[in-house]
Amino acid sequence: MVTLLVSCPHCQSTELVRNGATPDGRQRYLCRACGRRSTADPRPNGYTAEQRELILRAYQERSSLRGLSRTFGISRNTVTSWLKKKPLRCRP
């Protein structure tokens, strides 16, 4: 039998108990010390920097927001928030 020692990523306590599963089937843990939930192998949320750059370049090439939504499967609101955060640079 193999035991896996998992510690809380927030407070580094080892007082974790199993607490259900994520929608994709990974084990979820609850820390008894701080009361927060975590998974043993967390995955990053959102899009990578390369994906963002590709989508913003497509927008610069005069693609519409609806076209980007259909092509990349991304919400128009997400693209709009990226555009507000990163102003487009004009090329000479």
# chains A, B, ... in the order shown; residues from 1 in each chain; ligands from 1

$ select_by_dssp --residues "chain A" --states "strand (DSSP E or B)" --output "JSON, numbers by chain"
{"A": [16, 17, 18, 19, 20, 21, 27, 28, 29, 30, 31, 37, 38, 39]}

$ residues_around --residues "stretch 20-34 of chain A" --least-positions-apart "3" --cutoff "10 Å" --atoms "only C-alpha atoms" --output "ChimeraX atom specification"
/A:6-17,37-42

$ residues_around --residues "A:Asn77" --least-positions-apart "5" --cutoff "12 Å" --atoms "only C-alpha atoms" --output "number ranges by chain"
A: 65-66, 68-69, 82-84

$ write_last_selection --atoms "N, CA, C and O atoms" --output "CSV table (one decimal), in the first residue's frame"
chain,number,residue,atom,x,y,z
A,65,LEU,N,-15.5,40.3,-33.5
A,65,LEU,CA,-15.6,39.6,-32.2
A,65,LEU,C,-16.4,38.3,-32.3
A,65,LEU,O,-16.1,37.3,-31.8
A,66,ARG,N,-17.5,38.4,-33.1
A,66,ARG,CA,-18.3,37.2,-33.3
A,66,ARG,C,-17.5,36.1,-34.1
A,66,ARG,O,-17.7,34.9,-33.8
A,68,LEU,N,-14.3,35.7,-34.0
A,68,LEU,CA,-13.3,35.1,-33.1
A,68,LEU,C,-14.0,34.1,-32.2
A,68,LEU,O,-13.5,33.1,-31.9
A,69,SER,N,-15.2,34.4,-31.8
A,69,SER,CA,-16.0,33.5,-30.9
A,69,SER,C,-16.2,32.2,-31.6
A,69,SER,O,-16.1,31.1,-31.0
A,82,TRP,N,-9.6,41.6,-22.6
A,82,TRP,CA,-8.2,41.6,-23.0
A,82,TRP,C,-7.9,42.8,-23.8
A,82,TRP,O,-6.8,43.4,-23.6
A,83,LEU,N,-8.8,43.3,-24.6
A,83,LEU,CA,-8.5,44.5,-25.4
A,83,LEU,C,-8.4,45.7,-24.5
A,83,LEU,O,-7.7,46.7,-24.7
A,84,LYS,N,-9.2,45.8,-23.4
A,84,LYS,CA,-9.2,46.9,-22.5
A,84,LYS,C,-7.9,46.9,-21.7
A,84,LYS,O,-7.4,47.9,-21.3

$ select_by_dssp --residues "stretch 3-91 of chain A" --states "helix (DSSP H, G or I)" --output "MDAnalysis selection string"
chainID A and resid 49:60 65:72 76:85

$ residues_around --residues "A:Phe72" --least-positions-apart "3" --cutoff "10 Å" --atoms "only C-alpha atoms" --output "count of residues only"
7

$ decode --residues "stretch 20-65 of chain A" --atoms "N, CA and C atoms" --output "mmCIF file, in the first residue's frame"
data_model
loop_
_atom_site.group_PDB
_atom_site.id
_atom_site.type_symbol
_atom_site.label_atom_id
_atom_site.label_comp_id
_atom_site.auth_asym_id
_atom_site.auth_seq_id
_atom_site.Cartn_x
_atom_site.Cartn_y
_atom_site.Cartn_z
ATOM 1 N N GLY A 20 -14.603 14.964 -1.731
ATOM 2 C CA GLY A 20 -15.272 14.899 -3.022
ATOM 3 C C GLY A 20 -14.302 14.899 -4.186
ATOM 4 N N ALA A 21 -14.855 15.240 -5.358
ATOM 5 C CA ALA A 21 -14.066 15.237 -6.578
ATOM 6 C C ALA A 21 -14.444 16.437 -7.435
ATOM 7 N N THR A 22 -13.537 16.830 -8.299
ATOM 8 C CA THR A 22 -13.811 17.911 -9.235
ATOM 9 C C THR A 22 -14.684 17.372 -10.368
ATOM 10 N N PRO A 23 -15.268 18.240 -11.191
ATOM 11 C CA PRO A 23 -16.110 17.755 -12.288
ATOM 12 C C PRO A 23 -15.385 16.837 -13.274
ATOM 13 N N ASP A 24 -14.081 16.978 -13.397
ATOM 14 C CA ASP A 24 -13.355 16.095 -14.309
ATOM 15 C C ASP A 24 -12.762 14.870 -13.606
ATOM 16 N N GLY A 25 -13.118 14.639 -12.339
ATOM 17 C CA GLY A 25 -12.769 13.395 -11.667
ATOM 18 C C GLY A 25 -11.549 13.416 -10.766
ATOM 19 N N ARG A 26 -10.883 14.551 -10.623
ATOM 20 C CA ARG A 26 -9.703 14.601 -9.752
ATOM 21 C C ARG A 26 -10.123 14.730 -8.293
ATOM 22 N N GLN A 27 -9.300 14.218 -7.380
ATOM 23 C CA GLN A 27 -9.602 14.234 -5.955
ATOM 24 C C GLN A 27 -9.500 15.645 -5.396
ATOM 25 N N ARG A 28 -10.471 16.012 -4.571
ATOM 26 C CA ARG A 28 -10.478 17.313 -3.912
ATOM 27 C C ARG A 28 -10.225 17.089 -2.425
ATOM 28 N N TYR A 29 -9.465 17.986 -1.804
ATOM 29 C CA TYR A 29 -9.115 17.871 -0.393
ATOM 30 C C TYR A 29 -9.574 19.112 0.357
ATOM 31 N N LEU A 30 -9.870 18.930 1.656
ATOM 32 C CA LEU A 30 -10.242 20.024 2.541
ATOM 33 C C LEU A 30 -9.216 20.093 3.661
ATOM 34 N N CYS A 31 -8.688 21.283 3.886
ATOM 35 C CA CYS A 31 -7.705 21.475 4.954
ATOM 36 C C CYS A 31 -8.446 21.749 6.256
ATOM 37 N N ARG A 32 -8.140 20.975 7.280
ATOM 38 C CA ARG A 32 -8.782 21.196 8.579
ATOM 39 C C ARG A 32 -8.192 22.392 9.316
ATOM 40 N N ALA A 33 -6.997 22.788 8.960
ATOM 41 C CA ALA A 33 -6.340 23.902 9.635
ATOM 42 C C ALA A 33 -6.891 25.251 9.154
ATOM 43 N N CYS A 34 -6.960 25.444 7.836
ATOM 44 C CA CYS A 34 -7.409 26.742 7.313
ATOM 45 C C CYS A 34 -8.794 26.690 6.678
ATOM 46 N N GLY A 35 -9.323 25.485 6.449
ATOM 47 C CA GLY A 35 -10.675 25.354 5.918
ATOM 48 C C GLY A 35 -10.809 25.566 4.422
ATOM 49 N N ARG A 36 -9.700 25.594 3.703
ATOM 50 C CA ARG A 36 -9.763 25.827 2.260
ATOM 51 C C ARG A 36 -9.676 24.510 1.500
ATOM 52 N N ARG A 37 -10.246 24.522 0.286
ATOM 53 C CA ARG A 37 -10.217 23.334 -0.577
ATOM 54 C C ARG A 37 -9.087 23.443 -1.577
ATOM 55 N N SER A 38 -8.591 22.289 -1.995
ATOM 56 C CA SER A 38 -7.550 22.259 -3.017
ATOM 57 C C SER A 38 -7.556 20.891 -3.681
ATOM 58 N N THR A 39 -6.814 20.774 -4.775
ATOM 59 C CA THR A 39 -6.621 19.493 -5.453
ATOM 60 C C THR A 39 -5.146 19.138 -5.395
ATOM 61 N N ALA A 40 -4.858 17.851 -5.547
ATOM 62 C CA ALA A 40 -3.476 17.398 -5.454
ATOM 63 C C ALA A 40 -2.653 17.870 -6.646
ATOM 64 N N ASP A 41 -3.246 17.919 -7.829
ATOM 65 C CA ASP A 41 -2.532 18.350 -9.022
ATOM 66 C C ASP A 41 -3.314 19.473 -9.715
ATOM 67 N N PRO A 42 -3.175 20.705 -9.242
ATOM 68 C CA PRO A 42 -3.953 21.803 -9.807
ATOM 69 C C PRO A 42 -3.552 22.103 -11.251
ATOM 70 N N ARG A 43 -4.522 22.537 -12.025
ATOM 71 C CA ARG A 43 -4.285 22.910 -13.418
ATOM 72 C C ARG A 43 -4.526 24.402 -13.566
ATOM 73 N N PRO A 44 -3.789 25.048 -14.436
ATOM 74 C CA PRO A 44 -3.994 26.488 -14.611
ATOM 75 C C PRO A 44 -5.320 26.775 -15.317
ATOM 76 N N ASN A 45 -5.972 27.854 -14.921
ATOM 77 C CA ASN A 45 -7.204 28.279 -15.562
ATOM 78 C C ASN A 45 -6.893 29.238 -16.692
ATOM 79 N N GLY A 46 -7.798 29.364 -17.603
ATOM 80 C CA GLY A 46 -7.671 30.381 -18.633
ATOM 81 C C GLY A 46 -6.859 29.950 -19.830
ATOM 82 N N TYR A 47 -6.334 30.933 -20.515
ATOM 83 C CA TYR A 47 -5.636 30.737 -21.776
ATOM 84 C C TYR A 47 -4.150 31.037 -21.601
ATOM 85 N N THR A 48 -3.329 30.370 -22.385
ATOM 86 C CA THR A 48 -1.900 30.634 -22.332
ATOM 87 C C THR A 48 -1.599 31.954 -23.031
ATOM 88 N N ALA A 49 -0.411 32.471 -22.812
ATOM 89 C CA ALA A 49 -0.019 33.739 -23.435
ATOM 90 C C ALA A 49 0.030 33.603 -24.956
ATOM 91 N N GLU A 50 0.418 32.432 -25.448
ATOM 92 C CA GLU A 50 0.474 32.225 -26.892
ATOM 93 C C GLU A 50 -0.922 32.248 -27.511
ATOM 94 N N GLN A 51 -1.894 31.628 -26.820
ATOM 95 C CA GLN A 51 -3.262 31.641 -27.320
ATOM 96 C C GLN A 51 -3.825 33.053 -27.333
ATOM 97 N N ARG A 52 -3.561 33.817 -26.279
ATOM 98 C CA ARG A 52 -4.034 35.210 -26.227
ATOM 99 C C ARG A 52 -3.449 36.026 -27.370
ATOM 100 N N GLU A 53 -2.154 35.873 -27.581
ATOM 101 C CA GLU A 53 -1.488 36.631 -28.637
ATOM 102 C C GLU A 53 -2.055 36.276 -30.008
ATOM 103 N N LEU A 54 -2.322 34.999 -30.238
ATOM 104 C CA LEU A 54 -2.898 34.564 -31.507
ATOM 105 C C LEU A 54 -4.287 35.168 -31.723
ATOM 106 N N ILE A 55 -5.103 35.168 -30.698
ATOM 107 C CA ILE A 55 -6.455 35.704 -30.812
ATOM 108 C C ILE A 55 -6.427 37.209 -31.005
ATOM 109 N N LEU A 56 -5.547 37.912 -30.288
ATOM 110 C CA LEU A 56 -5.454 39.366 -30.442
ATOM 111 C C LEU A 56 -4.885 39.744 -31.806
ATOM 112 N N ARG A 57 -3.971 38.933 -32.338
ATOM 113 C CA ARG A 57 -3.471 39.188 -33.702
ATOM 114 C C ARG A 57 -4.576 39.007 -34.735
ATOM 115 N N ALA A 58 -5.408 37.996 -34.533
ATOM 116 C CA ALA A 58 -6.537 37.794 -35.451
ATOM 117 C C ALA A 58 -7.492 38.979 -35.381
ATOM 118 N N TYR A 59 -7.658 39.550 -34.199
ATOM 119 C CA TYR A 59 -8.508 40.739 -34.070
ATOM 120 C C TYR A 59 -7.883 41.929 -34.790
ATOM 121 N N GLN A 60 -6.566 42.064 -34.707
ATOM 122 C CA GLN A 60 -5.874 43.146 -35.406
ATOM 123 C C GLN A 60 -5.993 43.006 -36.913
ATOM 124 N N GLU A 61 -6.159 41.788 -37.390
ATOM 125 C CA GLU A 61 -6.308 41.540 -38.821
ATOM 126 C C GLU A 61 -7.748 41.730 -39.272
ATOM 127 N N ARG A 62 -8.518 42.474 -38.498
ATOM 128 C CA ARG A 62 -9.879 42.879 -38.831
ATOM 129 C C ARG A 62 -10.906 41.759 -38.709
ATOM 130 N N SER A 63 -10.665 40.765 -37.879
ATOM 131 C CA SER A 63 -11.695 39.768 -37.586
ATOM 132 C C SER A 63 -12.685 40.379 -36.603
ATOM 133 N N SER A 64 -13.939 40.022 -36.739
ATOM 134 C CA SER A 64 -14.949 40.537 -35.819
ATOM 135 C C SER A 64 -14.919 39.734 -34.519
ATOM 136 N N LEU A 65 -15.531 40.305 -33.483
ATOM 137 C CA LEU A 65 -15.588 39.595 -32.211
ATOM 138 C C LEU A 65 -16.418 38.327 -32.333
#
